[in-house]
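Visitor: Enclosed is the structure file final_25.pdb (PDB, C-alpha atoms and all ligand atoms).
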```pdb
ATOM      1  CA  MET A   1      15.507 -13.836 257.276
ATOM      2  CA  PRO A   2      15.479 -16.295 254.329
ATOM      3  CA  THR A   3      17.254 -15.021 251.205
ATOM      4  CA  ALA A   4      16.275 -15.766 247.590
ATOM      5  CA  LYS A   5      17.793 -19.020 246.346
ATOM      6  CA  SER A   6      20.334 -18.798 243.526
ATOM      7  CA  ASP A   7      19.292 -21.106 240.668
ATOM      8  CA  VAL A   8      21.573 -21.611 237.676
ATOM      9  CA  VAL A   9      19.008 -22.558 235.023
ATOM     10  CA  SER A  10      20.636 -20.255 232.461
ATOM     11  CA  ILE A  11      24.173 -18.918 232.405
ATOM     12  CA  VAL A  12      22.546 -15.487 232.613
ATOM     13  CA  ASP A  13      21.641 -16.376 236.223
ATOM     14  CA  LEU A  14      25.380 -16.065 236.945
ATOM     15  CA  ALA A  15      25.784 -12.819 235.004
ATOM     16  CA  PRO A  16      27.051 -10.344 237.579
ATOM     17  CA  ALA A  17      29.080 -12.960 239.454
ATOM     18  CA  LEU A  18      30.708 -14.644 236.461
ATOM     19  CA  PRO A  19      34.092 -12.835 236.535
ATOM     20  CA  THR A  20      34.391 -13.512 240.290
ATOM     21  CA  ILE A  21      33.443 -17.165 239.779
ATOM     22  CA  LEU A  22      36.168 -17.549 237.118
ATOM     23  CA  ARG A  23      38.802 -16.015 239.413
ATOM     24  CA  ARG A  24      37.663 -18.191 242.328
ATOM     25  CA  ALA A  25      37.805 -21.326 240.135
ATOM     26  CA  GLU A  26      41.379 -20.457 239.118
ATOM     27  CA  ALA A  27      42.364 -19.930 242.747
ATOM     28  CA  MET A  28      40.814 -23.262 243.808
ATOM     29  CA  LYS A  29      42.523 -25.021 240.886
ATOM     30  CA  ARG A  30      45.899 -23.635 242.023
ATOM     31  CA  ALA A  31      45.208 -24.577 245.644
ATOM     32  CA  ARG A  32      44.293 -28.141 244.634
ATOM     33  CA  THR A  33      47.696 -28.664 242.977
ATOM     34  CA  HIS A  34      49.176 -28.038 246.472
ATOM     35  CA  GLY A  35      46.789 -30.496 248.112
ATOM     36  CA  ASP A  36      44.252 -27.922 249.369
ATOM     37  CA  ARG A  37      40.846 -29.080 248.133
ATOM     38  CA  SER A  38      38.988 -26.064 249.583
ATOM     39  CA  PRO A  39      36.479 -27.845 251.890
ATOM     40  CA  THR A  40      34.427 -24.672 252.290
ATOM     41  CA  ARG A  41      30.943 -26.244 252.341
ATOM     42  CA  PRO A  42      31.235 -29.069 254.907
ATOM     43  CA  GLY A  43      28.213 -31.275 255.462
ATOM     44  CA  THR A  44      26.269 -30.074 252.422
ATOM     45  CA  ASN A  45      24.397 -32.449 250.105
ATOM     46  CA  LEU A  46      23.698 -32.175 246.371
ATOM     47  CA  ALA A  47      20.993 -34.317 244.724
ATOM     48  CA  MET A  48      22.030 -35.112 241.151
ATOM     49  CA  ILE A  49      19.138 -36.145 238.888
ATOM     50  CA  PHE A  50      20.193 -37.427 235.453
ATOM     51  CA  GLU A  51      17.742 -38.297 232.648
ATOM     52  CA  LYS A  52      20.615 -38.729 230.161
ATOM     53  CA  SER A  53      24.122 -40.199 230.090
ATOM     54  CA  SER A  54      27.065 -38.246 231.472
ATOM     55  CA  THR A  55      30.777 -38.764 232.067
ATOM     56  CA  ARG A  56      32.168 -35.295 232.803
ATOM     57  CA  THR A  57      29.224 -33.512 234.394
ATOM     58  CA  ARG A  58      28.349 -36.314 236.774
ATOM     59  CA  THR A  59      31.961 -36.955 237.816
ATOM     60  CA  SER A  60      32.895 -33.302 238.201
ATOM     61  CA  PHE A  61      29.810 -32.545 240.319
ATOM     62  CA  GLU A  62      30.465 -35.555 242.586
ATOM     63  CA  VAL A  63      34.171 -34.813 243.013
ATOM     64  CA  ALA A  64      33.455 -31.098 243.476
ATOM     65  CA  MET A  65      31.065 -31.890 246.334
ATOM     66  CA  ASN A  66      33.642 -34.219 247.944
ATOM     67  CA  ASP A  67      36.330 -31.534 247.633
ATOM     68  CA  LEU A  68      34.060 -28.912 249.225
ATOM     69  CA  GLY A  69      33.484 -31.275 252.159
ATOM     70  CA  GLY A  70      29.977 -32.260 251.114
ATOM     71  CA  HIS A  71      28.372 -35.122 249.239
ATOM     72  CA  GLY A  72      26.750 -35.677 245.832
ATOM     73  CA  LEU A  73      23.924 -38.215 245.519
ATOM     74  CA  TYR A  74      23.595 -39.550 241.966
ATOM     75  CA  MET A  75      20.032 -40.418 240.976
ATOM     76  CA  SER A  76      19.081 -41.808 237.592
ATOM     77  CA  SER A  77      15.593 -40.539 236.793
ATOM     78  CA  ARG A  78      14.696 -44.134 235.887
ATOM     79  CA  ASP A  79      15.308 -45.261 239.475
ATOM     80  CA  LEU A  80      13.379 -42.414 241.077
ATOM     81  CA  GLN A  81       9.594 -42.460 241.392
ATOM     82  CA  LEU A  82       9.830 -39.736 238.716
ATOM     83  CA  GLY A  83      10.230 -42.618 236.264
ATOM     84  CA  ARG A  84       6.880 -44.013 237.476
ATOM     85  CA  GLY A  85       4.921 -40.785 237.158
ATOM     86  CA  GLU A  86       5.594 -38.793 240.358
ATOM     87  CA  THR A  87       5.587 -35.159 239.259
ATOM     88  CA  ILE A  88       8.691 -33.031 238.949
ATOM     89  CA  GLY A  89       7.131 -30.517 241.343
ATOM     90  CA  ASP A  90       6.511 -33.128 244.050
ATOM     91  CA  THR A  91      10.020 -34.550 243.571
ATOM     92  CA  ALA A  92      11.477 -31.053 243.942
ATOM     93  CA  ARG A  93       9.463 -30.352 247.125
ATOM     94  CA  VAL A  94      10.576 -33.591 248.768
ATOM     95  CA  LEU A  95      14.250 -33.437 247.781
ATOM     96  CA  SER A  96      14.385 -29.850 249.049
ATOM     97  CA  ARG A  97      13.633 -31.208 252.547
ATOM     98  CA  TYR A  98      16.796 -33.380 252.445
ATOM     99  CA  VAL A  99      19.470 -31.624 250.400
ATOM    100  CA  ASP A 100      21.066 -28.194 250.009
ATOM    101  CA  ALA A 101      20.953 -28.041 246.183
ATOM    102  CA  ILE A 102      19.802 -30.096 243.195
ATOM    103  CA  CYS A 103      21.520 -30.497 239.847
ATOM    104  CA  TYR A 104      19.423 -31.811 236.989
ATOM    105  CA  ARG A 105      20.225 -33.115 233.488
ATOM    106  CA  ALA A 106      16.928 -33.027 231.623
ATOM    107  CA  TYR A 107      15.598 -33.616 228.149
ATOM    108  CA  ARG A 108      13.238 -30.651 228.311
ATOM    109  CA  HIS A 109      13.932 -27.096 229.433
ATOM    110  CA  GLU A 110      10.296 -26.863 230.663
ATOM    111  CA  ASP A 111      11.058 -29.669 233.127
ATOM    112  CA  MET A 112      14.168 -27.807 234.329
ATOM    113  CA  ARG A 113      12.005 -24.721 234.927
ATOM    114  CA  ALA A 114       9.361 -26.799 236.719
ATOM    115  CA  LEU A 115      11.976 -28.281 239.057
ATOM    116  CA  ALA A 116      13.462 -24.863 239.792
ATOM    117  CA  ASP A 117      10.021 -23.362 240.390
ATOM    118  CA  SER A 118       9.034 -25.998 242.969
ATOM    119  CA  ALA A 119      12.383 -26.569 244.695
ATOM    120  CA  THR A 120      13.132 -24.440 247.726
ATOM    121  CA  VAL A 121      16.891 -25.077 247.322
ATOM    122  CA  PRO A 122      19.084 -23.884 244.405
ATOM    123  CA  VAL A 123      18.737 -25.819 241.132
ATOM    124  CA  LEU A 124      21.702 -26.154 238.763
ATOM    125  CA  ASN A 125      21.156 -26.949 235.098
ATOM    126  CA  ALA A 126      23.439 -29.889 234.247
ATOM    127  CA  LEU A 127      22.256 -29.658 230.578
ATOM    128  CA  ASP A 128      18.866 -29.507 228.944
ATOM    129  CA  ASP A 129      17.724 -28.938 225.381
ATOM    130  CA  ARG A 130      18.153 -25.150 225.697
ATOM    131  CA  GLU A 131      21.330 -24.576 227.723
ATOM    132  CA  HIS A 132      24.439 -26.123 229.305
ATOM    133  CA  PRO A 133      25.535 -23.286 231.614
ATOM    134  CA  CYS A 134      28.011 -25.118 233.874
ATOM    135  CA  GLN A 135      29.899 -26.331 230.782
ATOM    136  CA  ILE A 136      30.315 -22.790 229.561
ATOM    137  CA  VAL A 137      31.779 -21.630 232.892
ATOM    138  CA  ALA A 138      34.525 -24.268 232.392
ATOM    139  CA  ASP A 139      35.002 -23.149 228.777
ATOM    140  CA  LEU A 140      35.412 -19.510 229.770
ATOM    141  CA  LEU A 141      37.766 -20.586 232.567
ATOM    142  CA  THR A 142      39.947 -22.370 229.991
ATOM    143  CA  LEU A 143      40.216 -19.215 227.868
ATOM    144  CA  HIS A 144      40.598 -16.991 230.962
ATOM    145  CA  GLU A 145      43.689 -19.022 231.937
ATOM    146  CA  ARG A 146      45.186 -18.865 228.455
ATOM    147  CA  TRP A 147      44.541 -15.160 227.955
ATOM    148  CA  ALA A 148      45.511 -13.998 231.462
ATOM    149  CA  GLY A 149      41.928 -13.065 232.275
ATOM    150  CA  LYS A 150      41.465 -10.727 229.297
ATOM    151  CA  PHE A 151      38.483 -11.366 227.018
ATOM    152  CA  ALA A 152      38.166  -7.881 225.527
ATOM    153  CA  GLY A 153      39.238  -7.778 221.879
ATOM    154  CA  LYS A 154      39.375 -11.593 221.540
ATOM    155  CA  THR A 155      37.048 -13.530 219.232
ATOM    156  CA  LEU A 156      35.602 -16.980 219.780
ATOM    157  CA  ALA A 157      34.259 -18.813 216.707
ATOM    158  CA  TYR A 158      31.783 -21.671 217.072
ATOM    159  CA  VAL A 159      31.277 -24.077 214.185
ATOM    160  CA  GLY A 160      28.398 -26.562 214.072
ATOM    161  CA  ASP A 161      24.970 -27.092 215.588
ATOM    162  CA  GLY A 162      22.909 -24.238 217.057
ATOM    163  CA  ASN A 163      22.255 -26.281 220.175
ATOM    164  CA  ASN A 164      22.259 -26.026 223.982
ATOM    165  CA  VAL A 165      26.034 -25.521 224.102
ATOM    166  CA  LEU A 166      25.992 -22.713 221.535
ATOM    167  CA  ASN A 167      23.055 -21.016 223.286
ATOM    168  CA  SER A 168      24.911 -20.839 226.600
ATOM    169  CA  LEU A 169      28.154 -19.922 224.841
ATOM    170  CA  LEU A 170      26.547 -16.952 223.069
ATOM    171  CA  LEU A 171      25.202 -15.664 226.384
ATOM    172  CA  GLY A 172      28.364 -16.423 228.372
ATOM    173  CA  ALA A 173      30.677 -14.756 225.848
ATOM    174  CA  ALA A 174      28.427 -11.702 225.725
ATOM    175  CA  ILE A 175      28.404 -11.439 229.535
ATOM    176  CA  VAL A 176      32.211 -11.435 229.850
ATOM    177  CA  GLY A 177      32.823  -9.194 226.818
ATOM    178  CA  LEU A 178      34.245 -11.812 224.441
ATOM    179  CA  ASN A 179      33.306 -11.387 220.753
ATOM    180  CA  ILE A 180      31.523 -14.450 219.411
ATOM    181  CA  VAL A 181      30.732 -15.567 215.871
ATOM    182  CA  ALA A 182      28.805 -18.779 215.229
ATOM    183  CA  ALA A 183      28.644 -20.628 211.906
ATOM    184  CA  THR A 184      25.680 -22.974 211.590
ATOM    185  CA  PRO A 185      23.663 -24.351 208.671
ATOM    186  CA  SER A 186      20.546 -22.175 208.207
ATOM    187  CA  LYS A 187      18.249 -24.956 209.479
ATOM    188  CA  TYR A 188      20.249 -25.313 212.700
ATOM    189  CA  ARG A 189      20.710 -21.734 213.854
ATOM    190  CA  PRO A 190      20.639 -20.941 217.600
ATOM    191  CA  ALA A 191      17.322 -19.941 219.223
ATOM    192  CA  PRO A 192      16.405 -16.397 218.032
ATOM    193  CA  SER A 193      15.420 -15.354 221.577
ATOM    194  CA  ILE A 194      18.909 -16.343 222.773
ATOM    195  CA  VAL A 195      20.607 -14.374 219.987
ATOM    196  CA  THR A 196      18.542 -11.288 220.909
ATOM    197  CA  GLN A 197      19.394 -11.732 224.593
ATOM    198  CA  ALA A 198      23.103 -12.211 223.771
ATOM    199  CA  GLU A 199      23.097  -9.070 221.616
ATOM    200  CA  ALA A 200      21.648  -7.051 224.502
ATOM    201  CA  LEU A 201      24.289  -8.419 226.919
ATOM    202  CA  ALA A 202      27.064  -7.790 224.378
ATOM    203  CA  GLY A 203      25.842  -4.212 224.008
ATOM    204  CA  ARG A 204      26.496  -3.753 227.713
ATOM    205  CA  SER A 205      29.883  -5.529 227.817
ATOM    206  CA  GLY A 206      31.159  -3.913 224.597
ATOM    207  CA  SER A 207      31.514  -7.150 222.591
ATOM    208  CA  THR A 208      29.871  -8.420 219.396
ATOM    209  CA  VAL A 209      27.609 -11.350 218.486
ATOM    210  CA  ARG A 210      27.361 -12.659 214.907
ATOM    211  CA  VAL A 211      25.635 -15.691 213.411
ATOM    212  CA  VAL A 212      26.806 -16.683 209.913
ATOM    213  CA  GLU A 213      26.569 -19.719 207.687
ATOM    214  CA  SER A 214      30.149 -20.229 206.487
ATOM    215  CA  PRO A 215      32.640 -21.914 208.859
ATOM    216  CA  GLY A 216      35.484 -20.209 206.950
ATOM    217  CA  ASP A 217      33.974 -16.777 207.606
ATOM    218  CA  ALA A 218      33.627 -17.561 211.298
ATOM    219  CA  ALA A 219      37.177 -18.895 211.632
ATOM    220  CA  ARG A 220      38.824 -15.896 209.943
ATOM    221  CA  GLY A 221      40.490 -13.843 212.670
ATOM    222  CA  ALA A 222      39.339 -16.132 215.499
ATOM    223  CA  ASP A 223      41.419 -16.546 218.655
ATOM    224  CA  ALA A 224      39.569 -19.732 219.631
ATOM    225  CA  ILE A 225      37.401 -22.205 217.719
ATOM    226  CA  TYR A 226      34.763 -24.305 219.480
ATOM    227  CA  THR A 227      32.729 -27.200 218.159
ATOM    228  CA  ASP A 228      30.214 -29.722 219.500
ATOM    229  CA  VAL A 229      28.549 -32.891 218.237
ATOM    230  CA  TRP A 230      26.224 -32.774 215.233
ATOM    231  CA  VAL A 231      23.724 -35.104 216.927
ATOM    232  CA  SER A 232      22.964 -34.178 220.526
ATOM    233  CA  MET A 233      21.310 -36.472 223.060
ATOM    234  CA  GLY A 234      17.629 -36.459 222.132
ATOM    235  CA  ASP A 235      18.282 -35.715 218.420
ATOM    236  CA  GLU A 236      19.100 -39.299 217.447
ATOM    237  CA  ALA A 237      16.043 -39.644 215.160
ATOM    238  CA  GLU A 238      17.525 -36.881 212.943
ATOM    239  CA  LYS A 239      20.963 -38.516 212.743
ATOM    240  CA  ASP A 240      21.092 -39.067 208.967
ATOM    241  CA  ALA A 241      19.700 -35.632 208.049
ATOM    242  CA  ARG A 242      22.059 -33.945 210.462
ATOM    243  CA  GLU A 243      25.142 -35.804 209.256
ATOM    244  CA  THR A 244      24.331 -34.582 205.753
ATOM    245  CA  ALA A 245      23.582 -30.979 206.792
ATOM    246  CA  PHE A 246      26.754 -30.624 208.876
ATOM    247  CA  ARG A 247      29.190 -32.028 206.325
ATOM    248  CA  GLY A 248      31.534 -29.083 205.792
ATOM    249  CA  TYR A 249      31.214 -27.988 209.424
ATOM    250  CA  GLN A 250      34.286 -29.902 210.525
ATOM    251  CA  VAL A 251      37.105 -28.369 212.558
ATOM    252  CA  ASP A 252      40.207 -29.522 210.674
ATOM    253  CA  THR A 253      43.706 -28.134 210.058
ATOM    254  CA  GLU A 254      42.474 -26.242 206.993
ATOM    255  CA  LEU A 255      39.911 -24.352 209.088
ATOM    256  CA  LEU A 256      42.506 -23.631 211.810
ATOM    257  CA  ALA A 257      44.774 -22.101 209.165
ATOM    258  CA  ARG A 258      42.180 -19.338 208.644
ATOM    259  CA  ALA A 259      42.246 -18.373 212.322
ATOM    260  CA  ASN A 260      44.759 -16.186 214.138
ATOM    261  CA  SER A 261      48.093 -17.779 215.003
ATOM    262  CA  GLY A 262      47.897 -19.055 218.554
ATOM    263  CA  VAL A 263      44.264 -20.123 218.098
ATOM    264  CA  TRP A 264      42.927 -22.525 220.760
ATOM    265  CA  VAL A 265      40.490 -25.318 219.970
ATOM    266  CA  LEU A 266      37.693 -26.212 222.377
ATOM    267  CA  HIS A 267      35.188 -29.085 222.446
ATOM    268  CA  ASP A 268      32.900 -29.845 225.370
ATOM    269  CA  LEU A 269      33.098 -33.624 224.684
ATOM    270  CA  PRO A 270      32.120 -36.348 224.020
ATOM    271  CA  ALA A 271      33.535 -35.901 220.491
ATOM    272  CA  HIS A 272      32.661 -37.802 217.372
ATOM    273  CA  ARG A 273      36.155 -37.920 215.881
ATOM    274  CA  GLY A 274      36.027 -37.695 212.098
ATOM    275  CA  GLN A 275      32.713 -35.792 212.168
ATOM    276  CA  GLU A 276      32.776 -32.350 213.820
ATOM    277  CA  ILE A 277      36.532 -32.545 214.523
ATOM    278  CA  THR A 278      39.480 -34.461 213.100
ATOM    279  CA  ASP A 279      41.895 -36.633 215.102
ATOM    280  CA  GLU A 280      44.713 -34.382 213.968
ATOM    281  CA  VAL A 281      43.141 -31.298 215.589
ATOM    282  CA  MET A 282      41.927 -33.089 218.718
ATOM    283  CA  ASP A 283      45.326 -34.598 219.367
ATOM    284  CA  GLY A 284      47.264 -31.595 218.065
ATOM    285  CA  PRO A 285      49.109 -28.774 219.844
ATOM    286  CA  ARG A 286      46.282 -26.200 219.583
ATOM    287  CA  ALA A 287      43.719 -28.334 221.451
ATOM    288  CA  ALA A 288      42.808 -26.986 224.896
ATOM    289  CA  ILE A 289      40.181 -29.723 225.150
ATOM    290  CA  TRP A 290      41.696 -31.793 227.958
ATOM    291  CA  ASP A 291      42.285 -28.767 230.199
ATOM    292  CA  GLN A 292      38.719 -27.732 229.340
ATOM    293  CA  ALA A 293      37.435 -31.132 230.531
ATOM    294  CA  GLU A 294      39.497 -30.850 233.748
ATOM    295  CA  ASN A 295      38.160 -27.359 234.281
ATOM    296  CA  ARG A 296      34.644 -28.740 234.648
ATOM    297  CA  LEU A 297      35.738 -29.729 238.168
ATOM    298  CA  HIS A 298      37.191 -26.363 239.163
ATOM    299  CA  ALA A 299      34.297 -24.454 237.583
ATOM    300  CA  GLN A 300      31.743 -26.673 239.324
ATOM    301  CA  LYS A 301      33.380 -26.003 242.695
ATOM    302  CA  ALA A 302      33.171 -22.246 242.191
ATOM    303  CA  ILE A 303      29.546 -22.482 241.012
ATOM    304  CA  LEU A 304      28.580 -24.681 243.982
ATOM    305  CA  GLU A 305      30.287 -22.305 246.407
ATOM    306  CA  HIS A 306      28.314 -19.477 244.813
ATOM    307  CA  VAL A 307      24.912 -21.138 245.293
ATOM    308  CA  LEU A 308      25.476 -22.976 248.600
ATOM    309  CA  PRO A 309      25.383 -20.742 251.654
ATOM    310  CA  ALA A 310      28.652 -20.629 253.604
ATOM    311  CA  PRO A 311      28.457 -22.393 256.997
ATOM    312  CA  ALA A 312      27.549 -20.162 259.940
ATOM    313  CA  ARG A 313      30.586 -19.225 262.028
TER     314      ARG A 313
HETATM  315  N1  LIG A 401      30.522 -32.092 228.337
HETATM  316  C1  LIG A 401      29.639 -32.814 229.047
HETATM  317  O1  LIG A 401      28.650 -32.316 229.582
HETATM  318  O2  LIG A 401      29.975 -34.126 229.116
HETATM  319  P1  LIG A 401      29.079 -35.278 229.747
HETATM  320  O3  LIG A 401      27.888 -35.475 228.844
HETATM  321  O4  LIG A 401      29.996 -36.485 229.754
HETATM  322  O5  LIG A 401      28.657 -34.878 231.114
HETATM  323  N1  LIG A 402      25.071 -30.838 222.702
HETATM  324  C1  LIG A 402      25.453 -32.046 223.395
HETATM  325  C2  LIG A 402      26.303 -31.733 224.572
HETATM  326  C3  LIG A 402      26.804 -32.934 225.318
HETATM  327  C4  LIG A 402      27.610 -32.600 226.520
HETATM  328  C5  LIG A 402      24.200 -32.795 223.821
HETATM  329  O1  LIG A 402      23.236 -32.149 224.252
HETATM  330  O2  LIG A 402      24.178 -34.013 223.714
END
```
Could you render the structure as structure tokens?
Ligand code: CP
Ligand code: NVA
Guide:
Amino acid sequence: MPTAKSDVVSIVDLAPALPTILRRAEAMKRARTHGDRSPTRPGTNLAMIFEKSSTRTRTSFEVAMNDLGGHGLYMSSRDLQLGRGETIGDTARVLSRYVDAICYRAYRHEDMRALADSATVPVLNALDDREHPCQIVADLLTLHERWAGKFAGKTLAYVGDGNNVLNSLLLGAAIVGLNIVAATPSKYRPAPSIVTQAEALAGRSGSTVRVVESPGDAARGADAIYTDVWVSMGDEAEKDARETAFRGYQVDTELLARANSGVWVLHDLPAHRGQEITDEVMDGPRAAIWDQAENRLHAQKAILEHVLPAPAR
């Protein structure tokens, strides 16, 4: 009997499984250091549609599929018939006849939804204008490793734009029971519907969600500080206005001094050094950023294992 497919359009789609996925990613990371790449999904194929640039997401998905014994097929949307007007729905129906899952980096969340609605195989959100769920699994994995799997009682501060990364981070933190406080300029707050959803999830996990305006207020008492670019892909027309609005939302040594000792700094990358984060912090001893980037691979493997059916014995 066919079972429902497991899309990951929002990080909430992973909600009940998230702690297991984090533990599985850690186990596969450990195994890989001993040469065991966990080829648990042999012969599977992942279509990878990208409308925007990518270094980490593209590479980690491709390598993850190789490690699992499968294959990732990179497709720039410009080269597909999608770029010439074929609909997202028709593309989804056709690709579903060839591959076992589709990952999609899209400009518009509506397009992500349309692909997921028409595909008969699982769809993974590789970033859109509303969420970046696979990134946040790697971010939580990075903190999980550093805090021996304990999120309760810890606080993550986010400083900067109320964008796709913050939206998924609010939801992800609330799912695993990590307190989160975000400081954004009033014009760039996270989506209200996401904040409401995160508050409901936090109510269940026993954590808290706060959105404030002052980076100093957010950093006070934080165990980790996260930032992202001021100008996301697709926001380039607002570059000047954003660079003005976000001045003061920089993660620098002064801001770190307000946080708890032992604070970790996260950034999903690519960074604009000298804007949202200083060189000193990025290259300093509190940065967990490079492990975080590596963890995209291990997180992706655990997510792919979760959505791809195991081979029949
Ligand atoms: N963090 C992230 O998604 O990086 P890429 O844009 O390089 O994939
Ligand atoms: N918020 C950024 C994340 C890049 C990985 C963007 O959407 O461009």
Visitor: Could you list the residues chosen by the PyMOL selection byres (((chain A and resi 17) around 12) and not hetatm) in this structure as a VMD selection string?
Guide: chain A and resid 6 8 11 to 16 18 to 24 137 172 175 to 176 302 to 303 305 to 307
Visitor: Can you work out which residues are within 6 Å of ligand LIG 401 (chain A), considering all atoms listed in the file, and then hand them over as a ChimeraX atom specification?
Guide: /A:54-58,268-270
Visitor: Atom CA of A:Asn163 to atom CA of A:Thr244: how many Å, to one decimal?
Guide: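 That distance, rounded to one decimal, is 16.8 Å.
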Visitor: Nearest residue to A:Thr278 out of A:Ala293, A:Ile136, A:Ala126, A:Leu256, using only C-alpha atoms?
Guide: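 That would be A:Leu256, the residue with the smallest distance to A:Thr278.
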Visitor: Residues picked by the PyMOL selection byres (((chain A and resi 105) around 6) and not hetatm) here, as a short mmCIF file (atom, residue, chain, number, x, y, z; two decimals) with C-alpha atoms, in the coordinates of the input?
Guide:
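Contents of the output file out-v9.cif:
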```
data_model
loop_
_atom_site.label_atom_id
_atom_site.label_comp_id
_atom_site.auth_asym_id
_atom_site.auth_seq_id
_atom_site.Cartn_x
_atom_site.Cartn_y
_atom_site.Cartn_z
CA PHE A 50 20.19 -37.43 235.45
CA GLU A 51 17.74 -38.30 232.65
CA TYR A 104 19.42 -31.81 236.99
CA ALA A 106 16.93 -33.03 231.62
CA ALA A 126 23.44 -29.89 234.25
CA LEU A 127 22.26 -29.66 230.58
CA ASP A 128 18.87 -29.51 228.94
#
```
Visitor: So the first atom is atom CA of A:Arg113 and the second is atom CA of A:Pro185; what is the distance between them in Å, to one decimal place?
Guide: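 For atom CA of A:Arg113 relative to atom CA of A:Pro185, the distance reads 28.7 Å.
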Visitor: Give me the residues within 9 Å of stretch 37-45 of chain A as a VMD selection string, counting only C-alpha atoms and dropping any in the same chain fewer than 5 places off.
Guide: chain A and resid 28 to 29 31 to 32 64 to 73 98 to 102 301 304 to 305 308 to 311
Visitor: So how far away is atom CA of A:Glu131 from atom O2 of ligand LIG 402 (chain A), in Å?
Guide: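 Distance reported for this atom pair: 10.6 Å.
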